[in-house]
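> Pasting a structure here, questions to come.
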Amino acid sequence: MTQTTRSRSRAARLALLIAVPALALTTACGGAESSDEGVASVGDAPATGQSKDGGGASQGKSAFYDAQMKYVQCMRKNVEKDFPDPKLSGYLDWTKIDDLAGKPGNEALSKGGKDGVCTGEMNNAAKLEPRRDTQKEYESMLAHAKCMRANGVPKFTNPTLQDGNVIPGGDANPTSPGISSDSPAYKQARQACKDKLLDGLDGMQ
């Protein structure tokens, strides 16, 4: 995949994160920004494991997985026959999706297909995504950003907290990349830092 394709793919996911309330990592508290000197915090975040429709942990996770499978099936039928299964957790496998997005004609793979053919299924799955502690998700992305900089990607920016939402870090300007995601240094850093991200956050920054 080219650097431009990767950047647009991540930019599309970031746009969805901000544009679709169900995808945002929300709490009822106001936001704050972070720096390397300290970790921003949020107040009472939703309990880990609760689904966004108010169900219990096991019920929400099962419903989330089933909804993701409907999205996957739609994508396979209408966009890309090799679109990967979700992980057992229900989250999409963005490593495999990013690889597929580099194929000609798959430019819209990360945002529900051309003309949003599977956007409805994607949004339905997003509404059932298990809600976790926003603070933990923010701290996971912050640790990942710091790790990326420590491993040779100095322009990798921190995530921020804004109006109770986690805004991922990464390239400061994804539409005009300042980070070469195809460089050996970047790939090595991604490998070294991949375990810093909680499941479901891979591909967000």
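The way I read the labels, and the way they are meant: chains A, B, ... in the order of the structure tokens, residue 1 as the first residue of every chain, and ligand 1 as the first ligand shown, with later ones counted on from there.
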Determine, for each residue of region 112-152 of chain A having at least one atom at most 12 Å from an atom of region 85-91 of chain A, the closest pair of atoms and their separation in Å to one decimal, counting only C-alpha atoms; order by chain and ascending number, as a Markdown table.

```
| residue | atom | partner | partner_atom | distance |
| --- | --- | --- | --- | --- |
| A:Met122 | CA | A:Tyr91 | CA | 11.5 |
| A:Ala125 | CA | A:Gly90 | CA | 9.1 |
| A:Ala126 | CA | A:Tyr91 | CA | 9.8 |
| A:Leu128 | CA | A:Gly90 | CA | 9.9 |
| A:Glu129 | CA | A:Gly90 | CA | 8.1 |
| A:Pro130 | CA | A:Gly90 | CA | 9.2 |
```
> Would you work out the distance separating CA of Arg131 (chain A) from CA of Asp199 (chain A), expressed in Å to one decimal?
12.2 Å
> At what distance in Å, to one decimal, does CA of Asp202 (chain A) lie from CA of Asn158 (chain A)?
14.9 Å
> As an MDAnalysis selection string, please: every residue in region 57-176 of chain A that a backbone DSSP assignment puts in strand (DSSP E).
chainID A and resid 130:131 160:162 165:167
> Any chance you can output those residues with C-alpha atoms as a CSV table (one decimal), in the first residue's frame?

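Once everything was written out, this is out.csv:
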```
chain,number,residue,atom,x,y,z
A,130,PRO,CA,-18.7,-2.5,23.7
A,131,ARG,CA,-18.0,0.7,25.6
A,160,THR,CA,-6.1,14.4,22.6
A,161,LEU,CA,-9.3,14.5,24.7
A,162,GLN,CA,-11.9,16.8,23.3
A,165,ASN,CA,-14.0,12.1,23.0
A,166,VAL,CA,-10.6,10.6,22.3
A,167,ILE,CA,-9.1,12.1,19.1
```
> Between A:Ala67, A:Leu142, A:Ile97, A:Met75, which is the closest to Val117 (chain A) once you count only C-alpha atoms?
A:Met75
> One decimal, Å: what's the distance from CA of Ala150 (chain A) over to CA of Lys196 (chain A), could you say?
12.9 Å
> Counting only C-alpha atoms, which of A:Phe64, A:Trp94, A:Tyr71, A:Phe83 gets nearest to Met204 (chain A)?
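Answer, going by the shortest atom-to-atom distance: A:Trp94.
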> Excluding Ala172 (chain A) and residues on its chain fewer than 3 positions from it, collect all residues at most 8 Å away from it, counting only C-alpha atoms, and give them as number ranges by chain.
A: 155-157, 169, 177-178
> If you keep N, CA and C atoms, can you produce a file of those selected residues as a PDB file, in the first residue's frame?

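Heads up, here's the output in result00.pdb:
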```
ATOM      1  N   LYS A 155       7.756  12.623  14.482  1.00  0.00           N
ATOM      2  CA  LYS A 155       6.623  13.501  14.192  1.00  0.00           C
ATOM      3  C   LYS A 155       5.280  12.896  14.592  1.00  0.00           C
ATOM      4  N   PHE A 156       5.296  11.714  15.183  1.00  0.00           N
ATOM      5  CA  PHE A 156       4.057  11.056  15.573  1.00  0.00           C
ATOM      6  C   PHE A 156       3.427  11.820  16.742  1.00  0.00           C
ATOM      7  N   THR A 157       2.224  12.339  16.544  1.00  0.00           N
ATOM      8  CA  THR A 157       1.604  13.206  17.543  1.00  0.00           C
ATOM      9  C   THR A 157       0.810  12.423  18.590  1.00  0.00           C
ATOM     10  N   GLY A 169      -3.957  10.238  17.734  1.00  0.00           N
ATOM     11  CA  GLY A 169      -2.766  10.927  17.275  1.00  0.00           C
ATOM     12  C   GLY A 169      -2.266  10.311  15.984  1.00  0.00           C
ATOM     13  N   PRO A 177       0.642  13.911   4.110  1.00  0.00           N
ATOM     14  CA  PRO A 177       1.437  13.195   5.114  1.00  0.00           C
ATOM     15  C   PRO A 177       2.826  13.785   5.360  1.00  0.00           C
ATOM     16  N   GLY A 178       3.153  13.893   6.644  1.00  0.00           N
ATOM     17  CA  GLY A 178       4.494  14.282   7.038  1.00  0.00           C
ATOM     18  C   GLY A 178       5.265  13.091   7.573  1.00  0.00           C
TER      19      GLY A 178
END
```
